[in-house]
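What follows is final02.cif (mmCIF, C-alpha atoms and all ligand atoms; chains and numbers go by the auth columns).
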```cif
data_target
#
loop_
_atom_site.group_PDB
_atom_site.id
_atom_site.type_symbol
_atom_site.label_atom_id
_atom_site.label_comp_id
_atom_site.label_asym_id
_atom_site.label_seq_id
_atom_site.Cartn_x
_atom_site.Cartn_y
_atom_site.Cartn_z
_atom_site.B_iso_or_equiv
_atom_site.auth_seq_id
_atom_site.auth_asym_id
ATOM 1 C CA MET A 1 14.803 -51.763 4.024 0.00 1119 A
ATOM 2 C CA THR A 2 11.493 -51.612 5.877 0.00 1120 A
ATOM 3 C CA SER A 3 11.005 -48.944 8.484 0.00 1121 A
ATOM 4 C CA ILE A 4 10.948 -51.460 11.325 0.00 1122 A
ATOM 5 C CA ALA A 5 14.287 -52.851 10.137 0.00 1123 A
ATOM 6 C CA SER A 6 15.773 -49.381 9.888 0.00 1124 A
ATOM 7 C CA ASN A 7 14.357 -48.418 13.294 0.00 1125 A
ATOM 8 C CA LEU A 8 15.950 -51.566 14.695 0.00 1126 A
ATOM 9 C CA ASN A 9 19.322 -50.622 13.241 0.00 1127 A
ATOM 10 C CA SER A 10 19.179 -47.121 14.615 0.00 1128 A
ATOM 11 C CA ILE A 11 18.117 -48.297 18.098 0.00 1129 A
ATOM 12 C CA LYS A 12 20.991 -50.778 18.108 0.00 1130 A
ATOM 13 C CA ALA A 13 23.357 -47.995 17.090 0.00 1131 A
ATOM 14 C CA ASP A 14 22.015 -45.844 19.955 0.00 1132 A
ATOM 15 C CA ILE A 15 22.550 -48.724 22.375 0.00 1133 A
ATOM 16 C CA ARG A 16 26.131 -49.329 21.169 0.00 1134 A
ATOM 17 C CA LEU A 17 26.900 -45.612 21.445 0.00 1135 A
ATOM 18 C CA ALA A 18 25.452 -45.390 24.960 0.00 1136 A
ATOM 19 C CA GLU A 19 27.459 -48.464 26.006 0.00 1137 A
ATOM 20 C CA SER A 20 30.618 -46.920 24.650 0.00 1138 A
ATOM 21 C CA ASN A 21 29.959 -43.499 26.219 0.00 1139 A
ATOM 22 C CA ALA A 22 29.370 -45.177 29.566 0.00 1140 A
ATOM 23 C CA GLY A 23 32.620 -47.138 29.267 0.00 1141 A
ATOM 24 C CA ARG A 24 30.704 -50.380 29.082 0.00 1142 A
ATOM 25 C CA GLU A 25 31.498 -53.434 27.006 0.00 1143 A
ATOM 26 C CA SER A 26 29.945 -53.552 23.548 0.00 1144 A
ATOM 27 C CA ASN A 27 26.885 -55.832 23.437 0.00 1145 A
ATOM 28 C CA SER A 28 26.492 -55.838 27.214 0.00 1146 A
ATOM 29 C CA VAL A 29 22.966 -54.434 26.733 0.00 1147 A
ATOM 30 C CA GLN A 30 20.252 -56.572 25.134 0.00 1148 A
ATOM 31 C CA LEU A 31 17.302 -55.165 23.250 0.00 1149 A
ATOM 32 C CA LEU A 32 13.837 -56.415 24.179 0.00 1150 A
ATOM 33 C CA ALA A 33 11.354 -55.447 21.450 0.00 1151 A
ATOM 34 C CA VAL A 34 8.064 -54.461 23.116 0.00 1152 A
ATOM 35 C CA SER A 35 5.335 -55.446 20.683 0.00 1153 A
ATOM 36 C CA LYS A 36 2.219 -54.849 22.798 0.00 1154 A
ATOM 37 C CA LYS A 37 -0.710 -53.473 20.811 0.00 1155 A
ATOM 38 C CA LYS A 38 1.156 -54.133 17.560 0.00 1156 A
ATOM 39 C CA PRO A 39 0.225 -56.888 15.098 0.00 1157 A
ATOM 40 C CA SER A 40 2.139 -60.105 14.486 0.00 1158 A
ATOM 41 C CA ALA A 41 3.162 -58.794 11.068 0.00 1159 A
ATOM 42 C CA TYR A 42 5.323 -56.172 12.811 0.00 1160 A
ATOM 43 C CA ILE A 43 6.957 -58.848 14.936 0.00 1161 A
ATOM 44 C CA ILE A 44 7.780 -60.811 11.788 0.00 1162 A
ATOM 45 C CA GLU A 45 9.418 -57.756 10.257 0.00 1163 A
ATOM 46 C CA ALA A 46 11.607 -57.267 13.299 0.00 1164 A
ATOM 47 C CA TYR A 47 12.336 -61.003 13.398 0.00 1165 A
ATOM 48 C CA GLN A 48 13.453 -61.014 9.792 0.00 1166 A
ATOM 49 C CA ALA A 49 15.785 -58.154 10.666 0.00 1167 A
ATOM 50 C CA GLY A 50 17.344 -60.349 13.363 0.00 1168 A
ATOM 51 C CA GLN A 51 15.364 -59.592 16.547 0.00 1169 A
ATOM 52 C CA ARG A 52 14.553 -62.634 18.700 0.00 1170 A
ATOM 53 C CA HIS A 53 13.405 -61.338 22.112 0.00 1171 A
ATOM 54 C CA PHE A 54 9.915 -59.823 22.294 0.00 1172 A
ATOM 55 C CA GLY A 55 8.019 -58.381 25.266 0.00 1173 A
ATOM 56 C CA GLU A 56 4.255 -58.360 25.753 0.00 1174 A
ATOM 57 C CA SER A 57 2.106 -56.762 28.488 0.00 1175 A
ATOM 58 C CA TYR A 58 -1.363 -58.210 27.944 0.00 1176 A
ATOM 59 C CA LEU A 59 -1.744 -61.957 28.316 0.00 1177 A
ATOM 60 C CA GLN A 60 -4.601 -62.693 25.890 0.00 1178 A
ATOM 61 C CA GLU A 61 -3.042 -60.585 23.178 0.00 1179 A
ATOM 62 C CA ALA A 62 0.304 -62.299 23.745 0.00 1180 A
ATOM 63 C CA LEU A 63 -1.170 -65.806 23.581 0.00 1181 A
ATOM 64 C CA THR A 64 -2.870 -65.018 20.274 0.00 1182 A
ATOM 65 C CA LYS A 65 0.406 -63.802 18.779 0.00 1183 A
ATOM 66 C CA GLN A 66 2.330 -66.767 20.162 0.00 1184 A
ATOM 67 C CA LYS A 67 -0.057 -69.088 18.319 0.00 1185 A
ATOM 68 C CA GLU A 68 0.286 -67.129 15.101 0.00 1186 A
ATOM 69 C CA LEU A 69 4.070 -67.081 15.420 0.00 1187 A
ATOM 70 C CA SER A 70 4.681 -70.578 16.743 0.00 1188 A
ATOM 71 C CA HIS A 71 7.046 -71.415 13.855 0.00 1189 A
ATOM 72 C CA TYR A 72 9.442 -68.611 14.753 0.00 1190 A
ATOM 73 C CA GLN A 73 12.236 -69.050 17.290 0.00 1191 A
ATOM 74 C CA ILE A 74 11.053 -66.210 19.510 0.00 1192 A
ATOM 75 C CA THR A 75 11.932 -65.810 23.183 0.00 1193 A
ATOM 76 C CA TRP A 76 8.865 -64.308 24.865 0.00 1194 A
ATOM 77 C CA HIS A 77 9.064 -61.987 27.879 0.00 1195 A
ATOM 78 C CA PHE A 78 6.028 -61.008 29.940 0.00 1196 A
ATOM 79 C CA ILE A 79 6.371 -57.416 31.163 0.00 1197 A
ATOM 80 C CA GLY A 80 2.821 -56.402 32.194 0.00 1198 A
ATOM 81 C CA PRO A 81 0.846 -56.332 35.425 0.00 1199 A
ATOM 82 C CA ILE A 82 0.075 -59.842 36.724 0.00 1200 A
ATOM 83 C CA GLN A 83 -3.215 -60.953 38.259 0.00 1201 A
ATOM 84 C CA SER A 84 -2.882 -64.140 40.260 0.00 1202 A
ATOM 85 C CA ASN A 85 -5.451 -66.001 38.160 0.00 1203 A
ATOM 86 C CA LYS A 86 -3.189 -65.492 35.109 0.00 1204 A
ATOM 87 C CA THR A 87 -0.001 -66.990 36.496 0.00 1205 A
ATOM 88 C CA LYS A 88 -0.555 -70.479 35.099 0.00 1206 A
ATOM 89 C CA GLN A 89 -0.711 -69.337 31.495 0.00 1207 A
ATOM 90 C CA ILE A 90 2.250 -67.047 32.054 0.00 1208 A
ATOM 91 C CA ALA A 91 4.275 -69.884 33.599 0.00 1209 A
ATOM 92 C CA GLU A 92 3.442 -72.121 30.650 0.00 1210 A
ATOM 93 C CA ASN A 93 4.058 -69.726 27.791 0.00 1211 A
ATOM 94 C CA PHE A 94 6.955 -67.387 28.554 0.00 1212 A
ATOM 95 C CA SER A 95 10.707 -67.690 29.144 0.00 1213 A
ATOM 96 C CA TRP A 96 10.979 -64.510 31.172 0.00 1214 A
ATOM 97 C CA VAL A 97 8.724 -62.472 33.474 0.00 1215 A
ATOM 98 C CA HIS A 98 9.965 -58.958 34.341 0.00 1216 A
ATOM 99 C CA SER A 99 7.027 -57.798 36.422 0.00 1217 A
ATOM 100 C CA VAL A 100 6.953 -59.992 39.529 0.00 1218 A
ATOM 101 C CA ASP A 101 5.881 -57.619 42.287 0.00 1219 A
ATOM 102 C CA ARG A 102 4.829 -59.854 45.176 0.00 1220 A
ATOM 103 C CA LEU A 103 5.773 -63.152 46.765 0.00 1221 A
ATOM 104 C CA LYS A 104 2.436 -64.802 46.045 0.00 1222 A
ATOM 105 C CA ILE A 105 2.942 -64.304 42.308 0.00 1223 A
ATOM 106 C CA ALA A 106 6.448 -65.767 42.462 0.00 1224 A
ATOM 107 C CA GLN A 107 5.173 -68.801 44.408 0.00 1225 A
ATOM 108 C CA ARG A 108 2.412 -69.437 41.919 0.00 1226 A
ATOM 109 C CA LEU A 109 4.746 -69.092 38.933 0.00 1227 A
ATOM 110 C CA SER A 110 7.140 -71.571 40.536 0.00 1228 A
ATOM 111 C CA ASN A 111 4.363 -74.068 41.344 0.00 1229 A
ATOM 112 C CA GLN A 112 2.867 -73.773 37.872 0.00 1230 A
ATOM 113 C CA ARG A 113 6.028 -73.853 35.764 0.00 1231 A
ATOM 114 C CA PRO A 114 5.846 -77.102 33.761 0.00 1232 A
ATOM 115 C CA GLU A 115 8.560 -79.673 34.516 0.00 1233 A
ATOM 116 C CA SER A 116 9.166 -80.023 30.786 0.00 1234 A
ATOM 117 C CA LEU A 117 10.467 -76.432 30.608 0.00 1235 A
ATOM 118 C CA PRO A 118 13.587 -74.913 32.166 0.00 1236 A
ATOM 119 C CA PRO A 119 13.043 -72.736 35.247 0.00 1237 A
ATOM 120 C CA LEU A 120 11.266 -69.470 34.486 0.00 1238 A
ATOM 121 C CA ASN A 121 13.586 -66.443 34.486 0.00 1239 A
ATOM 122 C CA ILE A 122 12.143 -63.656 36.565 0.00 1240 A
ATOM 123 C CA CYS A 123 12.928 -60.099 37.584 0.00 1241 A
ATOM 124 C CA LEU A 124 11.468 -58.353 40.590 0.00 1242 A
ATOM 125 C CA GLN A 125 9.711 -55.144 39.691 0.00 1243 A
ATOM 126 C CA VAL A 126 10.844 -52.422 42.076 0.00 1244 A
ATOM 127 C CA ASN A 127 8.802 -49.271 42.663 0.00 1245 A
ATOM 128 C CA ILE A 128 11.924 -47.175 42.667 0.00 1246 A
ATOM 129 C CA SER A 129 10.291 -43.740 42.541 0.00 1247 A
ATOM 130 C CA GLN A 130 8.062 -44.724 45.490 0.00 1248 A
ATOM 131 C CA GLU A 131 4.919 -43.758 43.609 0.00 1249 A
ATOM 132 C CA GLU A 132 1.793 -44.733 45.527 0.00 1250 A
ATOM 133 C CA SER A 133 -0.072 -45.817 42.413 0.00 1251 A
ATOM 134 C CA LYS A 134 2.720 -47.875 40.867 0.00 1252 A
ATOM 135 C CA ALA A 135 3.241 -51.599 41.002 0.00 1253 A
ATOM 136 C CA GLY A 136 6.436 -52.919 42.469 0.00 1254 A
ATOM 137 C CA ILE A 137 8.080 -53.720 45.739 0.00 1255 A
ATOM 138 C CA LYS A 138 9.794 -51.091 47.851 0.00 1256 A
ATOM 139 C CA LEU A 139 13.551 -50.832 47.928 0.00 1257 A
ATOM 140 C CA THR A 140 13.452 -51.471 51.680 0.00 1258 A
ATOM 141 C CA GLU A 141 11.678 -54.809 51.107 0.00 1259 A
ATOM 142 C CA LEU A 142 14.007 -55.972 48.356 0.00 1260 A
ATOM 143 C CA ALA A 143 16.619 -57.964 50.293 0.00 1261 A
ATOM 144 C CA ASP A 144 14.016 -59.917 52.230 0.00 1262 A
ATOM 145 C CA MET A 145 11.963 -60.637 49.131 0.00 1263 A
ATOM 146 C CA ILE A 146 15.027 -61.838 47.222 0.00 1264 A
ATOM 147 C CA GLN A 147 15.872 -64.259 49.998 0.00 1265 A
ATOM 148 C CA GLN A 148 12.390 -65.778 49.923 0.00 1266 A
ATOM 149 C CA ILE A 149 12.184 -65.981 46.153 0.00 1267 A
ATOM 150 C CA GLU A 150 15.560 -67.677 45.901 0.00 1268 A
ATOM 151 C CA GLN A 151 14.038 -70.685 47.690 0.00 1269 A
ATOM 152 C CA LEU A 152 11.494 -71.339 44.945 0.00 1270 A
ATOM 153 C CA PRO A 153 12.546 -74.304 42.809 0.00 1271 A
ATOM 154 C CA ARG A 154 10.993 -73.632 39.400 0.00 1272 A
ATOM 155 C CA ILE A 155 11.877 -69.988 38.947 0.00 1273 A
ATOM 156 C CA LYS A 156 15.278 -68.437 38.534 0.00 1274 A
ATOM 157 C CA LEU A 157 15.642 -64.973 39.985 0.00 1275 A
ATOM 158 C CA ARG A 158 17.761 -63.004 37.506 0.00 1276 A
ATOM 159 C CA GLY A 159 17.501 -59.423 38.724 0.00 1277 A
ATOM 160 C CA VAL A 160 15.275 -56.376 38.827 0.00 1278 A
ATOM 161 C CA MET A 161 13.028 -54.310 36.606 0.00 1279 A
ATOM 162 C CA ALA A 162 12.027 -50.691 37.144 0.00 1280 A
ATOM 163 C CA ILE A 163 9.795 -48.124 35.508 0.00 1281 A
ATOM 164 C CA PRO A 164 10.703 -44.838 37.197 0.00 1282 A
ATOM 165 C CA GLU A 165 8.473 -41.800 37.225 0.00 1283 A
ATOM 166 C CA PRO A 166 8.921 -40.073 33.836 0.00 1284 A
ATOM 167 C CA ALA A 167 11.480 -37.265 33.900 0.00 1285 A
ATOM 168 C CA GLN A 168 12.751 -34.960 31.171 0.00 1286 A
ATOM 169 C CA ASP A 169 16.021 -34.131 32.845 0.00 1287 A
ATOM 170 C CA TYR A 170 18.870 -36.568 32.153 0.00 1288 A
ATOM 171 C CA ALA A 171 20.299 -36.468 35.683 0.00 1289 A
ATOM 172 C CA GLN A 172 16.833 -37.060 37.075 0.00 1290 A
ATOM 173 C CA GLN A 173 16.346 -40.004 34.727 0.00 1291 A
ATOM 174 C CA ARG A 174 19.595 -41.560 35.916 0.00 1292 A
ATOM 175 C CA LEU A 175 19.098 -41.252 39.662 0.00 1293 A
ATOM 176 C CA PRO A 176 16.515 -44.001 40.346 0.00 1294 A
ATOM 177 C CA TYR A 177 18.401 -46.498 38.181 0.00 1295 A
ATOM 178 C CA ARG A 178 21.636 -45.681 39.978 0.00 1296 A
ATOM 179 C CA GLN A 179 19.985 -46.232 43.374 0.00 1297 A
ATOM 180 C CA LEU A 180 18.541 -49.578 42.373 0.00 1298 A
ATOM 181 C CA HIS A 181 21.744 -50.756 40.695 0.00 1299 A
ATOM 182 C CA GLN A 182 23.689 -49.827 43.823 0.00 1300 A
ATOM 183 C CA ALA A 183 21.184 -51.595 46.079 0.00 1301 A
ATOM 184 C CA ILE A 184 21.707 -54.821 44.137 0.00 1302 A
ATOM 185 C CA GLU A 185 25.495 -54.402 44.076 0.00 1303 A
ATOM 186 C CA ASP A 186 25.394 -54.015 47.859 0.00 1304 A
ATOM 187 C CA LEU A 187 23.771 -57.446 48.193 0.00 1305 A
ATOM 188 C CA ASN A 188 26.847 -58.999 46.605 0.00 1306 A
ATOM 189 C CA LYS A 189 24.926 -61.569 44.562 0.00 1307 A
ATOM 190 C CA PRO A 190 26.641 -61.932 41.189 0.00 1308 A
ATOM 191 C CA GLU A 191 23.899 -64.291 39.977 0.00 1309 A
ATOM 192 C CA LEU A 192 21.581 -61.273 39.861 0.00 1310 A
ATOM 193 C CA ASP A 193 22.918 -60.155 36.494 0.00 1311 A
ATOM 194 C CA THR A 194 19.806 -58.625 34.951 0.00 1312 A
ATOM 195 C CA PHE A 195 18.829 -54.974 35.128 0.00 1313 A
ATOM 196 C CA SER A 196 15.697 -54.447 33.044 0.00 1314 A
ATOM 197 C CA PHE A 197 15.984 -50.672 32.908 0.00 1315 A
ATOM 198 C CA GLY A 198 14.960 -48.182 30.260 0.00 1316 A
ATOM 199 C CA MET A 199 12.344 -47.594 27.602 0.00 1317 A
ATOM 200 C CA THR A 200 12.269 -45.363 24.529 0.00 1318 A
ATOM 201 C CA ALA A 201 12.351 -42.112 26.517 0.00 1319 A
ATOM 202 C CA ASP A 202 15.210 -42.923 28.894 0.00 1320 A
ATOM 203 C CA LEU A 203 17.352 -45.455 27.047 0.00 1321 A
ATOM 204 C CA LYS A 204 20.642 -43.570 27.466 0.00 1322 A
ATOM 205 C CA ALA A 205 20.187 -42.841 31.169 0.00 1323 A
ATOM 206 C CA ALA A 206 19.318 -46.491 31.797 0.00 1324 A
ATOM 207 C CA ILE A 207 22.385 -47.777 29.957 0.00 1325 A
ATOM 208 C CA THR A 208 24.640 -45.313 31.742 0.00 1326 A
ATOM 209 C CA GLU A 209 23.344 -46.689 35.042 0.00 1327 A
ATOM 210 C CA GLY A 210 23.826 -50.343 34.273 0.00 1328 A
ATOM 211 C CA ALA A 211 20.858 -51.600 32.220 0.00 1329 A
ATOM 212 C CA SER A 212 21.409 -55.078 30.809 0.00 1330 A
ATOM 213 C CA ILE A 213 18.044 -55.235 29.006 0.00 1331 A
ATOM 214 C CA VAL A 214 16.275 -52.207 27.554 0.00 1332 A
ATOM 215 C CA ARG A 215 12.576 -52.568 26.704 0.00 1333 A
ATOM 216 C CA ILE A 216 11.833 -50.582 23.575 0.00 1334 A
ATOM 217 C CA GLY A 217 8.408 -50.250 21.969 0.00 1335 A
ATOM 218 C CA SER A 218 7.505 -47.012 20.273 0.00 1336 A
ATOM 219 C CA ALA A 219 10.956 -46.211 18.846 0.00 1337 A
ATOM 220 C CA LEU A 220 10.853 -49.562 17.065 0.00 1338 A
ATOM 221 C CA PHE A 221 7.223 -50.091 16.090 0.00 1339 A
ATOM 222 C CA GLY A 222 5.827 -46.539 16.184 0.00 1340 A
ATOM 223 C CA ALA A 223 3.574 -44.793 18.699 0.00 1341 A
ATOM 224 C CA ARG A 224 0.737 -46.818 20.222 0.00 1342 A
ATOM 225 C CA THR A 225 -2.805 -45.481 20.014 0.00 1343 A
HETATM 226 C C1 LIG B . 5.067 -50.399 26.920 0.00 1401 A
HETATM 227 C C2 LIG B . 6.211 -50.749 27.783 0.00 1401 A
HETATM 228 C C3 LIG B . 7.533 -50.517 27.358 0.00 1401 A
HETATM 229 C C4 LIG B . 7.899 -49.851 26.042 0.00 1401 A
HETATM 230 O O1 LIG B . 7.684 -48.478 26.128 0.00 1401 A
HETATM 231 P P1 LIG B . 8.113 -47.470 24.953 0.00 1401 A
HETATM 232 O O2 LIG B . 8.075 -46.146 25.617 0.00 1401 A
HETATM 233 O O3 LIG B . 7.107 -47.621 23.875 0.00 1401 A
HETATM 234 O O4 LIG B . 9.473 -47.850 24.519 0.00 1401 A
HETATM 235 C C5 LIG B . 8.554 -50.915 28.203 0.00 1401 A
HETATM 236 N N1 LIG B . 8.304 -51.503 29.393 0.00 1401 A
HETATM 237 C C6 LIG B . 7.060 -51.748 29.827 0.00 1401 A
HETATM 238 C C7 LIG B . 6.861 -52.404 31.154 0.00 1401 A
HETATM 239 C C8 LIG B . 5.973 -51.368 29.045 0.00 1401 A
HETATM 240 O O5 LIG B . 4.735 -51.606 29.503 0.00 1401 A
#
```
Before anything else, please render the file you have as structure tokens.
Amino acid sequence: MTSIASNLNSIKADIRLAESNAGRESNSVQLLAVSKKKPSAYIIEAYQAGQRHFGESYLQEALTKQKELSHYQITWHFIGPIQSNKTKQIAENFSWVHSVDRLKIAQRLSNQRPESLPPLNICLQVNISQEESKAGIKLTELADMIQQIEQLPRIKLRGVMAIPEPAQDYAQQRLPYRQLHQAIEDLNKPELDTFSFGMTADLKAAITEGASIVRIGSALFGART
């Protein structure tokens, strides 16, 4: 077994264990393989081991890989910062966008989503740790933003994504996810079923607090340089 395949198995085992420890249903958490800065050959290895959902952060790099891998049945997720002049290519080439952080971007993605494709699945990126430098909308703006985005015809709002401030302490890792999960529960919108929470360093905390998609890069493909 290749190391990517064995990494994949051990991450899946970690996810299943965290689901079980949190009293959650088995397979309620999906793995998104974050392949940014890694070659297409690595994606193929993960694909051959059964992985189908891949996340990329840099548009040009992603488009190159999509061309190389066009014969594979991959579902592509865009998870990186979005400049407004890049929305057209994102709308045309991805199934999911996790990093929508302002209304203008959502409007452009909706306008530019080709009619030949199903509506684009999106998550709102929430700046849950209230870091000045971080992308994302504020928790206080969330309800209003959701209401406006729900009007857009060619995107389908699925939920939220967060990248909290890194923390070593498990309780500290859990807190921002709990707050955001609760904020969505309070809106009473069952169609918002996606919580894109958790990376390599805080996978367990994220699953304990309701993650439905975890975005894992380095544990699967190795450290990025
Ligand atoms: C790079 C990246 C990840 C993966 O991070 P790892 O720590 O390597 O698992 C997840 N989410 C986003 C938004 C990223 O940019």
The PyMOL selection byres (((not hetatm)) within 10 of (chain A and resi 1401)) applied to the shown file, residues as a PyMOL selection string
chain A and resi 1150-1155+1173-1176+1196-1199+1216-1217+1243+1279-1281+1314-1321+1332-1342
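Distance annotation: of A:Glu1283, A:Ala1224, A:Gly1277, A:Trp1194, the residue with the minimal separation from Glu1303 in chain A is A:Gly1277; atom set is all atoms listed in the file.
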Task: Computed interatomic separation between CA of Glu1233 in chain A and CA of Thr1312 in chain A (Å) - done: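 Between CA of Glu1233 in chain A and CA of Thr1312 in chain A the gap works out to 23.9 Å.
For the atom pair formed by CA of Asn1229 in chain A and CA of Ile1264 in chain A, the distance is 17.3 Å, given to one decimal.
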To one decimal place in Å, what is the distance between CA of Arg1231 in chain A and CA of Asp1262 in chain A?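 Distance between the two atoms: 23.0 Å.
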